[in-house]
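Q: I am sharing protein_29.tsv, which consists of TSV, C-alpha atoms and all ligand atoms:
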chain	number	residue	atom	x	y	z
Y	16	MET	CA	-4.92	15.33	-10.37
Y	17	ASP	CA	-7.23	17.32	-12.59
Y	18	ILE	CA	-8.14	16.43	-16.16
Y	19	VAL	CA	-5.30	18.51	-17.60
Y	20	ASP	CA	-2.74	16.62	-15.51
Y	21	LYS	CA	-4.27	13.27	-16.38
Y	22	LEU	CA	-4.16	13.90	-20.11
Y	23	ALA	CA	-0.68	15.40	-19.92
Y	24	GLU	CA	0.51	12.27	-18.12
Y	25	ILE	CA	-0.72	10.17	-21.03
Y	26	PHE	CA	0.87	12.35	-23.71
Y	27	LYS	CA	4.14	12.27	-21.79
Y	28	GLU	CA	4.33	8.55	-22.49
Y	29	PHE	CA	4.34	9.18	-26.26
Y	30	PRO	CA	7.78	8.71	-27.89
Y	31	GLY	CA	9.85	11.86	-27.77
Y	32	ILE	CA	7.30	13.93	-25.84
Y	33	GLY	CA	8.27	15.74	-22.66
Y	34	GLU	CA	6.25	17.42	-19.93
Y	35	ARG	CA	5.99	20.80	-21.64
Y	36	GLN	CA	4.97	19.39	-25.01
Y	37	ALA	CA	2.44	17.11	-23.33
Y	38	ARG	CA	0.77	20.15	-21.76
Y	39	ARG	CA	0.79	21.99	-25.06
Y	40	PHE	CA	-1.11	19.05	-26.58
Y	41	VAL	CA	-3.75	19.30	-23.86
Y	42	TYR	CA	-4.21	23.06	-24.42
Y	43	PHE	CA	-4.34	22.47	-28.15
Y	44	LEU	CA	-7.20	19.98	-27.65
Y	45	MET	CA	-9.02	22.46	-25.41
Y	46	SER	CA	-8.98	25.00	-28.21
Y	47	LYS	CA	-10.64	22.57	-30.64
Y	48	ASN	CA	-14.37	22.04	-31.10
Y	49	GLU	CA	-16.24	18.88	-30.14
Y	50	ALA	CA	-16.33	17.53	-33.69
Y	51	TYR	CA	-12.55	17.53	-33.71
Y	52	THR	CA	-12.09	15.79	-30.37
Y	53	GLY	CA	-14.96	13.38	-31.12
Y	54	ASN	CA	-13.30	12.35	-34.37
Y	55	LEU	CA	-9.97	11.89	-32.59
Y	56	VAL	CA	-11.54	9.72	-29.90
Y	57	SER	CA	-13.32	7.48	-32.41
Y	58	LEU	CA	-10.19	7.10	-34.58
Y	59	ILE	CA	-8.20	6.02	-31.54
Y	60	ALA	CA	-10.90	3.49	-30.63
Y	61	ASP	CA	-11.00	2.15	-34.21
Y	62	LEU	CA	-7.23	1.82	-34.35
Y	63	LYS	CA	-7.28	-1.09	-31.93
Y	64	LYS	CA	-10.13	-2.70	-33.86
Y	65	GLU	CA	-8.66	-2.40	-37.34
Y	66	VAL	CA	-5.04	-3.12	-36.63
Y	67	SER	CA	-3.61	-6.57	-35.92
Y	68	ARG	CA	-0.14	-7.80	-35.13
Y	69	CYS	CA	1.32	-10.19	-37.70
Y	70	LYS	CA	1.96	-13.58	-36.13
Y	71	GLU	CA	5.10	-14.11	-38.22
Y	72	CYS	CA	7.00	-10.81	-38.06
Y	73	PHE	CA	5.10	-9.10	-35.20
Y	74	ARG	CA	4.46	-6.04	-37.28
Y	75	PHE	CA	1.23	-4.07	-36.91
Y	76	PHE	CA	-0.90	-4.05	-40.05
Y	77	ILE	CA	-4.35	-2.91	-41.15
Y	78	ASN	CA	-6.38	-6.08	-41.01
Y	79	LYS	CA	-8.60	-5.97	-44.08
Y	80	LYS	CA	-11.25	-8.64	-44.17
Y	81	GLY	CA	-10.03	-12.01	-45.37
Y	82	VAL	CA	-6.35	-11.27	-44.93
Y	83	GLY	CA	-6.04	-13.44	-41.84
Y	84	ASN	CA	-3.32	-12.97	-39.31
Y	85	LEU	CA	-0.36	-12.39	-41.61
Y	86	CYS	CA	0.76	-8.99	-42.86
Y	87	GLU	CA	1.11	-8.48	-46.61
Y	88	ILE	CA	4.87	-9.09	-46.54
Y	89	CYS	CA	4.62	-12.42	-44.71
Y	90	ALA	CA	1.60	-13.48	-46.76
Y	91	ASP	CA	3.42	-12.76	-50.05
Y	92	THR	CA	4.91	-16.02	-51.33
Y	93	ASN	CA	7.09	-14.15	-53.85
Y	94	ILE	CA	9.16	-12.50	-51.15
Y	95	ASP	CA	12.62	-13.94	-50.66
Y	96	SER	CA	12.52	-15.91	-47.42
Y	97	SER	CA	16.22	-16.76	-47.42
Y	98	MET	CA	16.93	-13.43	-45.70
Y	99	LEU	CA	15.48	-12.21	-42.43
Y	100	MET	CA	16.11	-8.65	-41.30
Y	101	VAL	CA	15.73	-8.06	-37.57
Y	102	VAL	CA	14.70	-4.51	-36.68
Y	103	GLU	CA	13.82	-2.79	-33.44
Y	104	LYS	CA	10.39	-1.40	-34.28
Y	105	ASP	CA	7.63	-0.97	-36.83
Y	106	SER	CA	8.82	2.42	-38.08
Y	107	ASP	CA	12.25	0.91	-38.90
Y	108	LEU	CA	10.61	-1.80	-40.99
Y	109	GLU	CA	8.50	0.80	-42.79
Y	110	SER	CA	11.51	2.91	-43.78
Y	111	VAL	CA	13.52	-0.06	-45.04
Y	112	LYS	CA	10.47	-1.32	-46.95
Y	113	LYS	CA	9.89	2.10	-48.50
Y	114	SER	CA	13.50	2.32	-49.64
Y	115	ARG	CA	13.05	-0.87	-51.74
Y	116	VAL	CA	16.71	-1.75	-51.26
Y	117	TYR	CA	15.90	-4.94	-49.38
Y	118	THR	CA	13.70	-7.72	-50.69
Y	119	GLY	CA	13.62	-10.28	-47.89
Y	120	LYS	CA	11.51	-10.85	-44.82
Y	121	TYR	CA	11.50	-9.02	-41.50
Y	122	PHE	CA	11.24	-9.63	-37.81
Y	123	ILE	CA	10.39	-6.95	-35.24
Y	124	LEU	CA	12.30	-7.42	-32.02
Y	125	GLY	CA	10.05	-5.05	-30.08
Y	126	GLY	CA	12.80	-2.94	-28.53
Y	127	LEU	CA	16.50	-2.68	-27.84
Y	128	VAL	CA	18.35	-4.36	-25.01
Y	129	PRO	CA	19.44	-1.76	-22.44
Y	130	ILE	CA	23.09	-2.01	-21.44
Y	131	VAL	CA	22.24	-2.41	-17.77
Y	132	GLU	CA	19.39	-4.87	-17.71
Y	133	LYS	CA	18.90	-8.06	-15.80
Y	134	ASN	CA	15.65	-9.31	-17.19
Y	135	THR	CA	16.36	-9.00	-20.90
Y	136	LYS	CA	14.11	-11.73	-22.16
Y	137	SER	CA	10.97	-9.98	-21.07
Y	138	ARG	CA	11.88	-6.90	-23.12
Y	139	VAL	CA	12.68	-8.26	-26.55
Y	140	ARG	CA	11.30	-11.13	-28.62
Y	141	ILE	CA	14.36	-13.31	-28.47
Y	142	GLU	CA	12.46	-16.55	-27.86
Y	143	GLU	CA	10.07	-15.78	-30.71
Y	144	LEU	CA	13.05	-15.07	-32.97
Y	145	LYS	CA	14.65	-18.41	-32.10
Y	146	LYS	CA	11.37	-20.16	-32.80
Y	147	LYS	CA	11.08	-18.45	-36.17
Y	148	ILE	CA	14.61	-19.48	-37.15
Y	149	THR	CA	13.94	-23.06	-36.13
Y	150	SER	CA	10.70	-23.20	-38.09
Y	151	ASN	CA	12.22	-21.72	-41.28
Y	152	ASN	CA	14.79	-24.44	-41.81
Y	153	LYS	CA	13.16	-26.39	-44.61
Y	154	GLU	CA	13.73	-26.15	-48.33
Y	155	PRO	CA	12.77	-24.39	-50.53
Y	156	ASP	CA	12.18	-21.51	-48.12
Y	157	LYS	CA	15.19	-22.17	-45.97
Y	158	LEU	CA	16.56	-19.22	-44.12
Y	159	GLN	CA	20.17	-18.50	-45.06
Y	160	GLU	CA	21.00	-15.14	-43.59
Y	161	ILE	CA	19.98	-13.01	-40.62
Y	162	ILE	CA	20.60	-9.30	-41.00
Y	163	LEU	CA	20.66	-7.27	-37.80
Y	164	ALA	CA	19.55	-3.72	-38.49
Y	165	PHE	CA	19.64	-1.62	-35.35
Y	166	SER	CA	20.42	2.05	-34.91
Y	167	LEU	CA	24.09	2.81	-34.47
Y	168	ASN	CA	24.17	3.89	-30.85
Y	169	PRO	CA	25.44	2.13	-27.71
Y	170	GLN	CA	22.12	0.43	-27.09
Y	171	GLY	CA	21.85	-0.68	-30.72
Y	172	ASN	CA	25.38	-2.12	-30.59
Y	173	HIS	CA	24.63	-3.86	-27.33
Y	174	THR	CA	21.49	-5.41	-28.80
Y	175	ASP	CA	23.45	-6.55	-31.87
Y	176	GLN	CA	25.93	-8.30	-29.62
Y	177	TYR	CA	23.22	-9.81	-27.44
Y	178	ILE	CA	21.34	-11.29	-30.40
Y	179	ARG	CA	24.55	-12.73	-31.86
Y	180	GLU	CA	25.35	-14.43	-28.54
Y	181	GLN	CA	21.83	-15.75	-28.13
Y	182	LEU	CA	21.65	-17.15	-31.66
Y	183	ALA	CA	25.22	-18.42	-32.03
Y	184	ASP	CA	24.50	-22.12	-31.39
Y	185	LEU	CA	21.28	-22.22	-33.35
Y	186	LEU	CA	22.81	-20.50	-36.39
Y	187	SER	CA	25.91	-22.65	-36.54
Y	188	LYS	CA	23.78	-25.78	-36.22
Y	189	GLN	CA	21.58	-24.70	-39.11
Y	190	ASN	CA	24.35	-23.16	-41.16
Y	191	ILE	CA	22.78	-19.70	-41.26
Y	192	SER	CA	24.99	-16.63	-41.55
Y	193	ILE	CA	24.52	-13.45	-39.58
Y	194	SER	CA	25.49	-9.92	-40.53
Y	195	SER	CA	24.88	-6.39	-39.29
Y	196	LEU	CA	24.07	-3.23	-41.17
Y	197	GLY	CA	26.85	-0.90	-40.36
Y	198	ARG	CA	29.54	0.65	-42.42
Y	199	GLY	CA	27.20	2.80	-44.50
Y	200	LEU	CA	25.46	4.22	-41.47
Y	201	SER	CA	27.36	6.79	-39.45
Y	202	THR	CA	27.47	6.62	-35.67
Y	203	GLY	CA	24.29	7.79	-34.01
Y	204	THR	CA	22.18	7.13	-37.07
Y	205	GLU	CA	18.59	6.15	-36.51
Y	206	LEU	CA	17.54	3.54	-39.03
Y	207	GLU	CA	14.12	5.06	-39.26
Y	208	TYR	CA	15.51	8.36	-40.60
Y	209	SER	CA	18.03	6.95	-43.05
Y	210	ASP	CA	17.64	7.81	-46.73
Y	211	ASN	CA	17.65	5.28	-49.58
Y	212	ASP	CA	21.30	5.70	-50.54
Y	213	THR	CA	22.44	5.33	-46.95
Y	214	LEU	CA	20.37	2.18	-46.51
Y	215	LYS	CA	21.54	0.74	-49.81
Y	216	ASN	CA	25.13	1.35	-48.81
Y	217	ALA	CA	24.61	-0.07	-45.33
Y	218	LEU	CA	23.09	-3.22	-46.80
Y	219	LYS	CA	25.84	-3.65	-49.35
Y	220	THR	CA	28.57	-3.31	-46.75
Y	221	ARG	CA	26.90	-5.47	-44.07
Y	222	GLN	CA	29.25	-7.72	-42.18
O	301	ZN	ZN	4.41	-10.12	-41.10
As structure tokens - that is how I would like this structure written.
A:
Amino acid sequence: MDIVDKLAEIFKEFPGIGERQARRFVYFLMSKNEAYTGNLVSLIADLKKEVSRCKECFRFFINKKGVGNLCEICADTNIDSSMLMVVEKDSDLESVKKSRVYTGKYFILGGLVPIVEKNTKSRVRIEELKKKITSNNKEPDKLQEIILAFSLNPQGNHTDQYIREQLADLLSKQNISISSLGRGLSTGTELEYSDNDTLKNALKTRQ
């Protein structure tokens, strides 16, 4: 494997990038000067230093000094903690947050549950989610509703079902309701690319 192959292999792992695009990235980098590639390398190195994962919602955030290990949403005591929206990934959280249609807290599941999958628990944060629900059961911040917000595709639907099954006992014991974003989103919709009106509608018609 030469250096072109090695780099292309890495780019191929990026979301949505295939073999041909990965190679185009490598040739693009070859055409750039050293200042450009040097800057890219140091930004990538700094990314891991400056970004932390929130210990409450598992979201990545820029860890400014003194902030601690909570992101600004989880650290904000004014945010409504009676609602918890469960999303697949960081970019989903960011688009819902940007839309300002939802004012509660979030939880990042870390993936979707594939339809054919034996070892599900290692792929999504189901145990962490259960722990969070159990720990948020005290007044005045008691959790009252879980909102599942996954993309409307077979894998998203499967994940929705899986989470409902996994949480059923816990939620009925603690009297917490569960709903799913749905009606307002059309089939195949990626949450991440939904506009404000669509999200608002999907939230209003959750069931
Ligand atoms: Zn957080």
Q: Tell me, counting only C-alpha atoms, for each residue of region 158-217 of chain Y within 12 Å of region 108-115 of chain Y, which pair of atoms is nearest and how far apart they are in Å to one decimal, in rows ordered by chain and increasing number, as a tab-separated table.
A:
residue	atom	partner	partner_atom	distance
Y:Leu163	CA	Y:Leu108	CA	11.9
Y:Ala164	CA	Y:Leu108	CA	9.5
Y:Phe165	CA	Y:Leu108	CA	10.6
Y:Leu196	CA	Y:Val111	CA	11.7
Y:Glu205	CA	Y:Ser110	CA	10.7
Y:Leu206	CA	Y:Ser110	CA	7.7
Y:Glu207	CA	Y:Ser110	CA	5.6
Y:Tyr208	CA	Y:Ser110	CA	7.5
Y:Ser209	CA	Y:Ser110	CA	7.7
Y:Asp210	CA	Y:Ser114	CA	7.5
Y:Asn211	CA	Y:Ser114	CA	5.1
Y:Asp212	CA	Y:Ser114	CA	8.5
Y:Thr213	CA	Y:Ser114	CA	9.8
Y:Leu214	CA	Y:Val111	CA	7.4
Y:Lys215	CA	Y:Ser114	CA	8.2
Y:Asn216	CA	Y:Ser114	CA	11.7
Y:Ala217	CA	Y:Val111	CA	11.1
Q: Within 12 Å of region 37-39 of chain Y, counting only C-alpha atoms, which residues qualify if same-chain residues fewer than 4 places away don't, as a compact mmCIF listing (two decimals) with C-alpha atoms, in the coordinates of the input?
A:
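Okay, around_16.txt is ready:
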# COMPACT_ATOMS: atom_id res chain seq x y z
CA ILE Y 18 -8.14 16.43 -16.16
CA VAL Y 19 -5.30 18.51 -17.60
CA ASP Y 20 -2.74 16.62 -15.51
CA LYS Y 21 -4.27 13.27 -16.38
CA LEU Y 22 -4.16 13.90 -20.11
CA ALA Y 23 -0.68 15.40 -19.92
CA GLU Y 24 0.51 12.27 -18.12
CA ILE Y 25 -0.72 10.17 -21.03
CA PHE Y 26 0.87 12.35 -23.71
CA LYS Y 27 4.14 12.27 -21.79
CA GLU Y 28 4.33 8.55 -22.49
CA PHE Y 29 4.34 9.18 -26.26
CA PRO Y 30 7.78 8.71 -27.89
CA GLY Y 31 9.85 11.86 -27.77
CA ILE Y 32 7.30 13.93 -25.84
CA GLY Y 33 8.27 15.74 -22.66
CA PHE Y 43 -4.34 22.47 -28.15
CA LEU Y 44 -7.20 19.98 -27.65
CA MET Y 45 -9.02 22.46 -25.41
CA SER Y 46 -8.98 25.00 -28.21
Q: Find the spatial neighbours of Leu186 (chain Y), counting all atoms listed in the file, within a cut-off of 10 Å - ignore same-chain residues fewer than 6 positions away - and output them as a ChimeraX atom specification.
A: /Y:145,148-149,159-161,179,192-193
Q: Go ahead and save the picked residues with C-alpha atoms, as a CSV table (one decimal), in the coordinates of the input.
A:
chain,number,residue,atom,x,y,z
Y,145,LYS,CA,14.6,-18.4,-32.1
Y,148,ILE,CA,14.6,-19.5,-37.2
Y,149,THR,CA,13.9,-23.1,-36.1
Y,159,GLN,CA,20.2,-18.5,-45.1
Y,160,GLU,CA,21.0,-15.1,-43.6
Y,161,ILE,CA,20.0,-13.0,-40.6
Y,179,ARG,CA,24.6,-12.7,-31.9
Y,192,SER,CA,25.0,-16.6,-41.6
Y,193,ILE,CA,24.5,-13.4,-39.6
Q: Could you tell me how far CA of Val102 (chain Y) lies from CA of Lys79 (chain Y), in Å and to one decimal?
A: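 Straight-line distance from CA of Val102 (chain Y) to CA of Lys79 (chain Y) works out to 24.5 Å.
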Q: Using only C-alpha atoms and all ligand atoms, which protein or nucleic acid residues are at most 10 Å from ligand ZN 301 (chain O), as a PyMOL selection string?
A: chain Y and resi 68-76+84-91+120-123
Q: Export C-alpha atoms of the chosen residues as an mmCIF file, in the frame of the given file?
A:
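Generated file (again.cif):
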data_model
loop_
_atom_site.group_PDB
_atom_site.id
_atom_site.type_symbol
_atom_site.label_atom_id
_atom_site.label_comp_id
_atom_site.auth_asym_id
_atom_site.auth_seq_id
_atom_site.Cartn_x
_atom_site.Cartn_y
_atom_site.Cartn_z
ATOM 1 C CA ARG Y 68 -0.140 -7.800 -35.130
ATOM 2 C CA CYS Y 69 1.320 -10.190 -37.700
ATOM 3 C CA LYS Y 70 1.960 -13.580 -36.130
ATOM 4 C CA GLU Y 71 5.100 -14.110 -38.220
ATOM 5 C CA CYS Y 72 7.000 -10.810 -38.060
ATOM 6 C CA PHE Y 73 5.100 -9.100 -35.200
ATOM 7 C CA ARG Y 74 4.460 -6.040 -37.280
ATOM 8 C CA PHE Y 75 1.230 -4.070 -36.910
ATOM 9 C CA PHE Y 76 -0.900 -4.050 -40.050
ATOM 10 C CA ASN Y 84 -3.320 -12.970 -39.310
ATOM 11 C CA LEU Y 85 -0.360 -12.390 -41.610
ATOM 12 C CA CYS Y 86 0.760 -8.990 -42.860
ATOM 13 C CA GLU Y 87 1.110 -8.480 -46.610
ATOM 14 C CA ILE Y 88 4.870 -9.090 -46.540
ATOM 15 C CA CYS Y 89 4.620 -12.420 -44.710
ATOM 16 C CA ALA Y 90 1.600 -13.480 -46.760
ATOM 17 C CA ASP Y 91 3.420 -12.760 -50.050
ATOM 18 C CA LYS Y 120 11.510 -10.850 -44.820
ATOM 19 C CA TYR Y 121 11.500 -9.020 -41.500
ATOM 20 C CA PHE Y 122 11.240 -9.630 -37.810
ATOM 21 C CA ILE Y 123 10.390 -6.950 -35.240
#
Q: Quick one: distance from CA of Asn168 (chain Y) to CA of Arg221 (chain Y) in Å, one decimal?
A: 16.4 Å
Q: One number please: CA of Gln170 (chain Y) to CA of Val131 (chain Y), in Å, one decimal.
A: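 According to the coordinates, CA of Gln170 (chain Y) and CA of Val131 (chain Y) are separated by 9.7 Å.
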Q: Missing atoms in region 35-59 of chain Y should be modelled up to N, CA and C atoms and reported as a JSON list (two decimals), in the frame of the given file.
A:
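What landed in out35.json:
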[["chain", "number", "residue", "atom", "x", "y", "z"],
["Y", 35, "ARG", "N", 6.50, 19.55, -21.08],
["Y", 35, "ARG", "CA", 5.99, 20.80, -21.64],
["Y", 35, "ARG", "C", 5.17, 20.57, -22.92],
["Y", 36, "GLN", "N", 5.70, 19.70, -23.77],
["Y", 36, "GLN", "CA", 4.97, 19.39, -25.01],
["Y", 36, "GLN", "C", 3.64, 18.72, -24.70],
["Y", 37, "ALA", "N", 3.66, 17.83, -23.71],
["Y", 37, "ALA", "CA", 2.44, 17.11, -23.33],
["Y", 37, "ALA", "C", 1.35, 18.11, -22.93],
["Y", 38, "ARG", "N", 1.74, 19.13, -22.18],
["Y", 38, "ARG", "CA", 0.77, 20.15, -21.76],
["Y", 38, "ARG", "C", 0.29, 20.97, -22.95],
["Y", 39, "ARG", "N", 1.20, 21.23, -23.86],
["Y", 39, "ARG", "CA", 0.79, 21.99, -25.06],
["Y", 39, "ARG", "C", -0.24, 21.22, -25.85],
["Y", 40, "PHE", "N", -0.12, 19.89, -25.90],
["Y", 40, "PHE", "CA", -1.11, 19.05, -26.58],
["Y", 40, "PHE", "C", -2.48, 19.20, -25.91],
["Y", 41, "VAL", "N", -2.48, 19.20, -24.59],
["Y", 41, "VAL", "CA", -3.75, 19.30, -23.86],
["Y", 41, "VAL", "C", -4.42, 20.65, -24.18],
["Y", 42, "TYR", "N", -3.64, 21.74, -24.13],
["Y", 42, "TYR", "CA", -4.21, 23.06, -24.42],
["Y", 42, "TYR", "C", -4.66, 23.18, -25.87],
["Y", 43, "PHE", "N", -3.94, 22.50, -26.74],
["Y", 43, "PHE", "CA", -4.34, 22.47, -28.15],
["Y", 43, "PHE", "C", -5.72, 21.81, -28.29],
["Y", 44, "LEU", "N", -5.90, 20.68, -27.59],
["Y", 44, "LEU", "CA", -7.20, 19.98, -27.65],
["Y", 44, "LEU", "C", -8.32, 20.83, -27.07],
["Y", 45, "MET", "N", -8.00, 21.58, -26.01],
["Y", 45, "MET", "CA", -9.02, 22.46, -25.41],
["Y", 45, "MET", "C", -9.51, 23.49, -26.40],
["Y", 46, "SER", "N", -8.61, 23.94, -27.26],
["Y", 46, "SER", "CA", -8.98, 25.00, -28.21],
["Y", 46, "SER", "C", -9.80, 24.47, -29.38],
["Y", 47, "LYS", "N", -9.91, 23.15, -29.51],
["Y", 47, "LYS", "CA", -10.64, 22.57, -30.64],
["Y", 47, "LYS", "C", -12.11, 22.36, -30.31],
["Y", 48, "ASN", "N", -12.94, 22.26, -31.37],
["Y", 48, "ASN", "CA", -14.37, 22.04, -31.10],
["Y", 48, "ASN", "C", -14.66, 20.55, -30.86],
["Y", 49, "GLU", "N", -15.90, 20.25, -30.51],
["Y", 49, "GLU", "CA", -16.24, 18.88, -30.14],
["Y", 49, "GLU", "C", -16.16, 17.91, -31.31],
["Y", 50, "ALA", "N", -16.42, 18.42, -32.52],
["Y", 50, "ALA", "CA", -16.33, 17.53, -33.69],
["Y", 50, "ALA", "C", -14.90, 17.02, -33.83],
["Y", 51, "TYR", "N", -13.97, 17.90, -33.58],
["Y", 51, "TYR", "CA", -12.55, 17.53, -33.71],
["Y", 51, "TYR", "C", -12.16, 16.47, -32.67],
["Y", 52, "THR", "N", -12.49, 16.74, -31.41],
["Y", 52, "THR", "CA", -12.09, 15.79, -30.37],
["Y", 52, "THR", "C", -12.88, 14.48, -30.49],
["Y", 53, "GLY", "N", -14.15, 14.60, -30.92],
["Y", 53, "GLY", "CA", -14.96, 13.38, -31.12],
["Y", 53, "GLY", "C", -14.36, 12.49, -32.18],
["Y", 54, "ASN", "N", -13.93, 13.10, -33.27],
["Y", 54, "ASN", "CA", -13.30, 12.35, -34.37],
["Y", 54, "ASN", "C", -12.00, 11.68, -33.89],
["Y", 55, "LEU", "N", -11.24, 12.43, -33.12],
["Y", 55, "LEU", "CA", -9.97, 11.89, -32.59],
["Y", 55, "LEU", "C", -10.24, 10.68, -31.70],
["Y", 56, "VAL", "N", -11.21, 10.82, -30.82],
["Y", 56, "VAL", "CA", -11.54, 9.72, -29.90],
["Y", 56, "VAL", "C", -11.99, 8.48, -30.68],
["Y", 57, "SER", "N", -12.83, 8.68, -31.71],
["Y", 57, "SER", "CA", -13.32, 7.48, -32.41],
["Y", 57, "SER", "C", -12.23, 6.86, -33.27],
["Y", 58, "LEU", "N", -11.32, 7.68, -33.81],
["Y", 58, "LEU", "CA", -10.19, 7.10, -34.58],
["Y", 58, "LEU", "C", -9.28, 6.27, -33.67],
["Y", 59, "ILE", "N", -9.05, 6.76, -32.48],
["Y", 59, "ILE", "CA", -8.20, 6.02, -31.54],
["Y", 59, "ILE", "C", -8.87, 4.69, -31.18]]
